[in-house]
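K.L.:
Next comes model.tsv, TSV, N, CA and C atoms:
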chain	number	residue	atom	x	y	z
A	44	PRO	N	-58.00	12.17	61.10
A	44	PRO	CA	-59.14	13.08	61.16
A	44	PRO	C	-60.09	12.68	62.29
A	45	GLN	N	-60.71	13.66	62.86
A	45	GLN	CA	-61.70	13.41	63.90
A	45	GLN	C	-63.00	12.98	63.23
A	46	ILE	N	-63.55	11.86	63.62
A	46	ILE	CA	-64.77	11.36	63.01
A	46	ILE	C	-65.93	12.31	63.26
A	47	GLU	N	-65.97	12.91	64.42
A	47	GLU	CA	-67.06	13.84	64.74
A	47	GLU	C	-67.11	15.01	63.77
A	48	ALA	N	-65.97	15.39	63.21
A	48	ALA	CA	-65.92	16.54	62.30
A	48	ALA	C	-66.37	16.19	60.89
A	49	LEU	N	-66.45	14.90	60.58
A	49	LEU	CA	-66.87	14.49	59.25
A	49	LEU	C	-68.38	14.68	59.09
A	50	SER	N	-68.78	15.18	57.94
A	50	SER	CA	-70.21	15.35	57.70
A	50	SER	C	-70.85	13.98	57.39
A	51	THR	N	-72.15	13.91	57.57
A	51	THR	CA	-72.87	12.67	57.33
A	51	THR	C	-74.15	12.95	56.57
A	52	ALA	N	-74.53	12.00	55.76
A	52	ALA	CA	-75.77	12.12	55.00
A	52	ALA	C	-76.94	11.53	55.78
A	53	PHE	N	-76.66	10.97	56.94
A	53	PHE	CA	-77.69	10.27	57.70
A	53	PHE	C	-78.24	11.15	58.81
A	54	PRO	N	-79.55	11.10	59.03
A	54	PRO	CA	-80.14	11.90	60.10
A	54	PRO	C	-79.76	11.34	61.47
A	55	PRO	N	-79.74	12.20	62.49
A	55	PRO	CA	-79.46	11.70	63.83
A	55	PRO	C	-80.56	10.75	64.30
A	56	LEU	N	-80.19	9.91	65.24
A	56	LEU	CA	-81.17	8.98	65.80
A	56	LEU	C	-82.25	9.75	66.55
A	57	THR	N	-83.48	9.31	66.40
A	57	THR	CA	-84.59	9.93	67.12
A	57	THR	C	-84.66	9.35	68.53
A	58	LYS	N	-85.45	10.00	69.39
A	58	LYS	CA	-85.65	9.47	70.75
A	58	LYS	C	-86.27	8.08	70.70
A	59	GLU	N	-87.19	7.87	69.77
A	59	GLU	CA	-87.84	6.56	69.65
A	59	GLU	C	-86.82	5.49	69.22
A	60	GLU	N	-85.93	5.84	68.30
A	60	GLU	CA	-84.93	4.87	67.85
A	60	GLU	C	-83.94	4.56	68.97
A	61	LEU	N	-83.59	5.54	69.76
A	61	LEU	CA	-82.65	5.32	70.86
A	61	LEU	C	-83.24	4.43	71.96
A	62	GLN	N	-84.54	4.30	72.00
A	62	GLN	CA	-85.18	3.43	72.99
A	62	GLN	C	-85.17	1.97	72.55
A	63	LYS	N	-84.84	1.73	71.30
A	63	LYS	CA	-84.76	0.36	70.79
A	63	LYS	C	-83.33	-0.14	70.93
A	64	GLU	N	-83.19	-1.43	71.09
A	64	GLU	CA	-81.84	-1.99	71.31
A	64	GLU	C	-80.92	-1.72	70.13
A	65	TRP	N	-81.42	-1.82	68.91
A	65	TRP	CA	-80.57	-1.56	67.75
A	65	TRP	C	-80.13	-0.09	67.73
A	66	GLY	N	-80.97	0.81	68.17
A	66	GLY	CA	-80.62	2.22	68.23
A	66	GLY	C	-79.54	2.49	69.25
A	67	ARG	N	-79.63	1.82	70.38
A	67	ARG	CA	-78.60	1.98	71.42
A	67	ARG	C	-77.25	1.44	70.92
A	68	GLN	N	-77.30	0.30	70.21
A	68	GLN	CA	-76.07	-0.28	69.68
A	68	GLN	C	-75.46	0.63	68.62
A	69	LEU	N	-76.29	1.21	67.78
A	69	LEU	CA	-75.81	2.14	66.77
A	69	LEU	C	-75.18	3.37	67.43
A	70	TYR	N	-75.82	3.88	68.45
A	70	TYR	CA	-75.29	5.03	69.19
A	70	TYR	C	-73.93	4.70	69.82
A	71	LEU	N	-73.86	3.54	70.48
A	71	LEU	CA	-72.60	3.13	71.11
A	71	LEU	C	-71.50	2.96	70.08
A	72	GLY	N	-71.84	2.35	68.95
A	72	GLY	CA	-70.84	2.19	67.89
A	72	GLY	C	-70.30	3.53	67.43
A	73	ALA	N	-71.18	4.50	67.28
A	73	ALA	CA	-70.75	5.83	66.86
A	73	ALA	C	-69.85	6.48	67.91
A	74	ARG	N	-70.18	6.28	69.18
A	74	ARG	CA	-69.35	6.86	70.24
A	74	ARG	C	-67.96	6.22	70.25
A	75	PHE	N	-67.90	4.89	70.12
A	75	PHE	CA	-66.60	4.21	70.07
A	75	PHE	C	-65.80	4.66	68.85
A	76	ALA	N	-66.47	4.85	67.73
A	76	ALA	CA	-65.78	5.31	66.52
A	76	ALA	C	-65.18	6.70	66.76
A	77	CYS	N	-65.91	7.56	67.44
A	77	CYS	CA	-65.40	8.89	67.76
A	77	CYS	C	-64.17	8.82	68.66
A	78	ASP	N	-64.10	7.80	69.48
A	78	ASP	CA	-62.94	7.59	70.35
A	78	ASP	C	-61.82	6.82	69.64
A	79	MET	N	-62.02	6.57	68.34
A	79	MET	CA	-61.06	5.83	67.52
A	79	MET	C	-60.87	4.39	68.00
A	80	ASP	N	-61.87	3.84	68.67
A	80	ASP	CA	-61.87	2.45	69.10
A	80	ASP	C	-62.69	1.68	68.07
A	81	PHE	N	-62.06	1.41	66.94
A	81	PHE	CA	-62.78	0.87	65.80
A	81	PHE	C	-63.24	-0.57	66.00
A	82	TYR	N	-62.47	-1.36	66.73
A	82	TYR	CA	-62.88	-2.75	66.97
A	82	TYR	C	-64.21	-2.79	67.72
A	83	ARG	N	-64.32	-2.02	68.80
A	83	ARG	CA	-65.57	-1.99	69.57
A	83	ARG	C	-66.70	-1.36	68.76
A	84	ALA	N	-66.36	-0.33	67.97
A	84	ALA	CA	-67.38	0.31	67.13
A	84	ALA	C	-67.97	-0.69	66.14
A	85	ILE	N	-67.11	-1.44	65.47
A	85	ILE	CA	-67.58	-2.43	64.49
A	85	ILE	C	-68.45	-3.48	65.18
A	86	THR	N	-68.03	-3.90	66.35
A	86	THR	CA	-68.81	-4.90	67.10
A	86	THR	C	-70.21	-4.37	67.40
A	87	ASP	N	-70.31	-3.14	67.87
A	87	ASP	CA	-71.63	-2.57	68.17
A	87	ASP	C	-72.44	-2.34	66.90
A	88	PHE	N	-71.79	-1.89	65.83
A	88	PHE	CA	-72.52	-1.71	64.58
A	88	PHE	C	-73.07	-3.04	64.07
A	89	ARG	N	-72.29	-4.09	64.21
A	89	ARG	CA	-72.77	-5.41	63.77
A	89	ARG	C	-73.95	-5.88	64.63
A	90	HIS	N	-73.90	-5.61	65.92
A	90	HIS	CA	-75.05	-5.94	66.78
A	90	HIS	C	-76.28	-5.16	66.33
A	91	ALA	N	-76.10	-3.88	66.06
A	91	ALA	CA	-77.22	-3.05	65.60
A	91	ALA	C	-77.79	-3.61	64.30
A	92	LEU	N	-76.93	-4.01	63.40
A	92	LEU	CA	-77.37	-4.56	62.12
A	92	LEU	C	-78.16	-5.85	62.31
A	93	TYR	N	-77.72	-6.68	63.24
A	93	TYR	CA	-78.42	-7.93	63.53
A	93	TYR	C	-79.81	-7.68	64.12
A	94	LEU	N	-79.92	-6.67	64.98
A	94	LEU	CA	-81.18	-6.38	65.66
A	94	LEU	C	-82.13	-5.51	64.84
A	95	LEU	N	-81.63	-4.86	63.82
A	95	LEU	CA	-82.42	-3.93	63.04
A	95	LEU	C	-83.53	-4.63	62.26
A	96	PRO	N	-84.76	-4.13	62.31
A	96	PRO	CA	-85.83	-4.72	61.51
A	96	PRO	C	-85.52	-4.62	60.01
A	97	LYS	N	-85.97	-5.57	59.25
A	97	LYS	CA	-85.68	-5.64	57.81
A	97	LYS	C	-86.16	-4.41	57.05
A	98	ASN	N	-87.23	-3.78	57.50
A	98	ASN	CA	-87.80	-2.66	56.76
A	98	ASN	C	-87.07	-1.34	57.00
A	99	GLU	N	-86.07	-1.31	57.86
A	99	GLU	CA	-85.30	-0.10	58.17
A	99	GLU	C	-84.11	0.03	57.21
A	100	THR	N	-84.38	0.20	55.93
A	100	THR	CA	-83.30	0.19	54.94
A	100	THR	C	-82.36	1.39	55.07
A	101	ALA	N	-82.87	2.57	55.39
A	101	ALA	CA	-82.00	3.74	55.51
A	101	ALA	C	-81.00	3.55	56.65
A	102	ARG	N	-81.47	3.04	57.78
A	102	ARG	CA	-80.56	2.79	58.91
A	102	ARG	C	-79.61	1.63	58.57
A	103	ARG	N	-80.06	0.67	57.82
A	103	ARG	CA	-79.19	-0.44	57.40
A	103	ARG	C	-78.02	0.13	56.58
A	104	HIS	N	-78.32	1.04	55.66
A	104	HIS	CA	-77.27	1.67	54.86
A	104	HIS	C	-76.30	2.43	55.76
A	105	GLN	N	-76.84	3.12	56.74
A	105	GLN	CA	-76.00	3.88	57.66
A	105	GLN	C	-75.05	2.96	58.43
A	106	ILE	N	-75.58	1.87	58.93
A	106	ILE	CA	-74.76	0.95	59.72
A	106	ILE	C	-73.69	0.31	58.84
A	107	GLU	N	-74.07	-0.12	57.65
A	107	GLU	CA	-73.10	-0.75	56.75
A	107	GLU	C	-72.01	0.25	56.36
A	108	PHE	N	-72.39	1.50	56.10
A	108	PHE	CA	-71.40	2.53	55.80
A	108	PHE	C	-70.47	2.73	57.00
A	109	SER	N	-71.03	2.76	58.19
A	109	SER	CA	-70.23	2.98	59.40
A	109	SER	C	-69.21	1.85	59.60
A	110	ILE	N	-69.62	0.63	59.35
A	110	ILE	CA	-68.70	-0.50	59.47
A	110	ILE	C	-67.57	-0.34	58.47
A	111	LEU	N	-67.92	-0.04	57.24
A	111	LEU	CA	-66.90	0.14	56.20
A	111	LEU	C	-65.95	1.29	56.55
A	112	GLN	N	-66.50	2.38	57.04
A	112	GLN	CA	-65.69	3.53	57.43
A	112	GLN	C	-64.72	3.17	58.56
A	113	CYS	N	-65.18	2.39	59.52
A	113	CYS	CA	-64.30	1.99	60.63
A	113	CYS	C	-63.16	1.10	60.15
A	114	TYR	N	-63.46	0.17	59.25
A	114	TYR	CA	-62.38	-0.65	58.69
A	114	TYR	C	-61.36	0.23	57.98
A	115	TYR	N	-61.84	1.18	57.20
A	115	TYR	CA	-60.94	2.05	56.45
A	115	TYR	C	-60.11	2.93	57.38
A	116	LEU	N	-60.76	3.62	58.31
A	116	LEU	CA	-60.04	4.51	59.22
A	116	LEU	C	-59.10	3.74	60.15
A	117	GLY	N	-59.45	2.49	60.42
A	117	GLY	CA	-58.58	1.63	61.23
A	117	GLY	C	-57.47	0.99	60.42
A	118	GLN	N	-57.36	1.39	59.15
A	118	GLN	CA	-56.34	0.90	58.23
A	118	GLN	C	-56.42	-0.61	58.00
A	119	LYS	N	-57.63	-1.13	58.08
A	119	LYS	CA	-57.88	-2.54	57.78
A	119	LYS	C	-58.45	-2.59	56.36
A	120	TYR	N	-57.60	-2.25	55.40
A	120	TYR	CA	-58.06	-2.06	54.03
A	120	TYR	C	-58.58	-3.35	53.40
A	121	GLN	N	-57.93	-4.46	53.66
A	121	GLN	CA	-58.39	-5.74	53.11
A	121	GLN	C	-59.77	-6.09	53.69
A	122	ASP	N	-59.95	-5.86	54.97
A	122	ASP	CA	-61.25	-6.12	55.59
A	122	ASP	C	-62.32	-5.19	55.01
A	123	ALA	N	-61.94	-3.96	54.73
A	123	ALA	CA	-62.89	-3.01	54.12
A	123	ALA	C	-63.32	-3.51	52.74
A	124	VAL	N	-62.39	-3.98	51.95
A	124	VAL	CA	-62.70	-4.48	50.62
A	124	VAL	C	-63.59	-5.72	50.72
A	125	LEU	N	-63.25	-6.63	51.60
A	125	LEU	CA	-64.03	-7.86	51.76
A	125	LEU	C	-65.44	-7.53	52.24
A	126	TYR	N	-65.57	-6.60	53.18
A	126	TYR	CA	-66.90	-6.24	53.67
A	126	TYR	C	-67.72	-5.58	52.56
A	127	TYR	N	-67.09	-4.69	51.82
A	127	TYR	CA	-67.79	-4.02	50.72
A	127	TYR	C	-68.26	-5.02	49.67
A	128	GLU	N	-67.42	-5.98	49.32
A	128	GLU	CA	-67.77	-6.95	48.30
A	128	GLU	C	-68.84	-7.93	48.77
A	129	SER	N	-68.96	-8.10	50.08
A	129	SER	CA	-69.97	-9.04	50.57
A	129	SER	C	-71.31	-8.34	50.62
Is it possible to give me this structure as structure tokens?
P.N.:
Amino acid sequence: PQIEALSTAFPPLTKEELQKEWGRQLYLGARFACDMDFYRAITDFRHALYLLPKNETARRHQIEFSILQCYYLGQKYQDAVLYYES
């Protein structure tokens, strides 16, 4: 399936969020995921998660979901389970 065609419960990044490093990393991760380059997508999502301020819980959920989705779509099922359980 094309990732771009999948619906999402998360709002798009705002201009202000895209100006922050975590926002750029989240955007890049999403672009790599759309290209089915899940390894690079996960790497960028993890960078975004590291840089994200603690009070940004909605974006934290989005990033964690994106990482899990990339593991699953990349057929790394054991990694998906381990990430979910952690």
K.L.:
Give the answer as one residue: which of A:Tyr120, A:Phe108, A:Tyr127, A:Tyr114 has the shortest atom-to-atom distance to A:Phe53, using only C-alpha atoms?
P.N.:
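Of A:Tyr120, A:Phe108, A:Tyr127, A:Tyr114, the one nearest A:Phe53 is A:Phe108, counting only C-alpha atoms.
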K.L.:
Neighbours of stretch 58-64 of chain A within 7 Å (only N, CA and C atoms; same-chain residues fewer than 3 positions away dropped), as a PyMOL selection string?
P.N.:
chain A and resi 67-69+90-91+94
K.L.:
Looking only at the backbone, which of the residues in chain A does DSSP tag as alpha helix (DSSP H), as a PyMOL selection string?
P.N.:
chain A and resi 58-61+64-77+81-94+100-116+120-128
K.L.:
At a cut-off of 6.5 Å, using only N, CA and C atoms, what residues contact A:Ala84? Leave out same-chain residues fewer than 5 positions from it and give the result as a list in words.
P.N.:
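After dropping sequence-adjacent residues, the list is Leu71, Gly72, Ala73, Phe75, Ala76 and Arg89 of chain A.
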K.L.:
Using the file's own x, y and z axes, what box holds all listed atoms of stretch 60-64 of chain A with 6 Å on each side, keeping edges along x, y and z, and what are its centre and edge lengths in Å to one decimal, as AutoDock Vina command-line options?
P.N.:
--center_x -83.4 --center_y 1.9 --center_z 70.4 --size_x 17.0 --size_y 19.8 --size_z 17.1
K.L.:
Given only C-alpha atoms as the basis, pick out the residue of A:Gly117, A:Leu111, A:Tyr93, A:Arg102 nearest to A:Phe81.
P.N.:
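Distance minimum relative to A:Phe81 lands on A:Gly117.
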K.L.:
Which residues, written as JSON, numbers by chain, have at least one atom at most 12 Å from A:Ala101, with only C-alpha atoms counted and residues fewer than 6 positions away on the same chain left out?
P.N.:
{"A": [52, 53, 54, 55, 56, 92, 95, 107, 108]}
K.L.:
Pick the closest to A:Ile106 from A:Trp65, A:Cys77, A:Lys119, A:Ser50: which is it, counting only C-alpha atoms?
P.N.:
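Distance minimum relative to A:Ile106 lands on A:Trp65.
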K.L.:
Just give me the gap between atom C of A:Lys97 and atom CA of A:Tyr70 in Å, one decimal is fine.
P.N.:
18.8 Å
K.L.:
To one decimal place, how far is atom CA of A:Ala123 from atom CA of A:Gly66 in Å?
P.N.:
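A separation of 23.3 Å between them.
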K.L.:
What is the distance between atom CA of A:Thr100 and atom CA of A:Ser129, in Å to one decimal?
P.N.:
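Going from atom CA of A:Thr100 over to atom CA of A:Ser129 covers 16.8 Å.
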K.L.:
Could N, CA, C and O atoms be built for stretch 46-68 of chain A and written out as a tab-separated table (two decimals), in the coordinates of the input?
P.N.:
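out20.tsv was written with the following content:
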chain	number	residue	atom	x	y	z
A	46	ILE	N	-63.55	11.86	63.62
A	46	ILE	CA	-64.77	11.36	63.01
A	46	ILE	C	-65.93	12.31	63.26
A	46	ILE	O	-66.77	12.51	62.40
A	47	GLU	N	-65.97	12.91	64.42
A	47	GLU	CA	-67.06	13.84	64.74
A	47	GLU	C	-67.11	15.01	63.77
A	47	GLU	O	-68.17	15.57	63.53
A	48	ALA	N	-65.97	15.39	63.21
A	48	ALA	CA	-65.92	16.54	62.30
A	48	ALA	C	-66.37	16.19	60.89
A	48	ALA	O	-66.64	17.09	60.09
A	49	LEU	N	-66.45	14.90	60.58
A	49	LEU	CA	-66.87	14.49	59.25
A	49	LEU	C	-68.38	14.68	59.09
A	49	LEU	O	-69.15	14.37	59.98
A	50	SER	N	-68.78	15.18	57.94
A	50	SER	CA	-70.21	15.35	57.70
A	50	SER	C	-70.85	13.98	57.39
A	50	SER	O	-70.17	13.05	57.00
A	51	THR	N	-72.15	13.91	57.57
A	51	THR	CA	-72.87	12.67	57.33
A	51	THR	C	-74.15	12.95	56.57
A	51	THR	O	-74.75	14.01	56.71
A	52	ALA	N	-74.53	12.00	55.76
A	52	ALA	CA	-75.77	12.12	55.00
A	52	ALA	C	-76.94	11.53	55.78
A	52	ALA	O	-78.08	11.60	55.32
A	53	PHE	N	-76.66	10.97	56.94
A	53	PHE	CA	-77.69	10.27	57.70
A	53	PHE	C	-78.24	11.15	58.81
A	53	PHE	O	-77.49	11.83	59.50
A	54	PRO	N	-79.55	11.10	59.03
A	54	PRO	CA	-80.14	11.90	60.10
A	54	PRO	C	-79.76	11.34	61.47
A	54	PRO	O	-79.48	10.15	61.61
A	55	PRO	N	-79.74	12.20	62.49
A	55	PRO	CA	-79.46	11.70	63.83
A	55	PRO	C	-80.56	10.75	64.30
A	55	PRO	O	-81.69	10.80	63.81
A	56	LEU	N	-80.19	9.91	65.24
A	56	LEU	CA	-81.17	8.98	65.80
A	56	LEU	C	-82.25	9.75	66.55
A	56	LEU	O	-81.96	10.72	67.26
A	57	THR	N	-83.48	9.31	66.40
A	57	THR	CA	-84.59	9.93	67.12
A	57	THR	C	-84.66	9.35	68.53
A	57	THR	O	-84.04	8.33	68.84
A	58	LYS	N	-85.45	10.00	69.39
A	58	LYS	CA	-85.65	9.47	70.75
A	58	LYS	C	-86.27	8.08	70.70
A	58	LYS	O	-85.90	7.22	71.49
A	59	GLU	N	-87.19	7.87	69.77
A	59	GLU	CA	-87.84	6.56	69.65
A	59	GLU	C	-86.82	5.49	69.22
A	59	GLU	O	-86.85	4.36	69.73
A	60	GLU	N	-85.93	5.84	68.30
A	60	GLU	CA	-84.93	4.87	67.85
A	60	GLU	C	-83.94	4.56	68.97
A	60	GLU	O	-83.51	3.41	69.11
A	61	LEU	N	-83.59	5.54	69.76
A	61	LEU	CA	-82.65	5.32	70.86
A	61	LEU	C	-83.24	4.43	71.96
A	61	LEU	O	-82.50	3.85	72.76
A	62	GLN	N	-84.54	4.30	72.00
A	62	GLN	CA	-85.18	3.43	72.99
A	62	GLN	C	-85.17	1.97	72.55
A	62	GLN	O	-85.43	1.08	73.36
A	63	LYS	N	-84.84	1.73	71.30
A	63	LYS	CA	-84.76	0.36	70.79
A	63	LYS	C	-83.33	-0.14	70.93
A	63	LYS	O	-82.38	0.64	70.89
A	64	GLU	N	-83.19	-1.43	71.09
A	64	GLU	CA	-81.84	-1.99	71.31
A	64	GLU	C	-80.92	-1.72	70.13
A	64	GLU	O	-79.75	-1.37	70.31
A	65	TRP	N	-81.42	-1.82	68.91
A	65	TRP	CA	-80.57	-1.56	67.75
A	65	TRP	C	-80.13	-0.09	67.73
A	65	TRP	O	-78.99	0.21	67.34
A	66	GLY	N	-80.97	0.81	68.17
A	66	GLY	CA	-80.62	2.22	68.23
A	66	GLY	C	-79.54	2.49	69.25
A	66	GLY	O	-78.62	3.29	69.02
A	67	ARG	N	-79.63	1.82	70.38
A	67	ARG	CA	-78.60	1.98	71.42
A	67	ARG	C	-77.25	1.44	70.92
A	67	ARG	O	-76.21	2.03	71.16
A	68	GLN	N	-77.30	0.30	70.21
A	68	GLN	CA	-76.07	-0.28	69.68
A	68	GLN	C	-75.46	0.63	68.62
A	68	GLN	O	-74.24	0.81	68.57
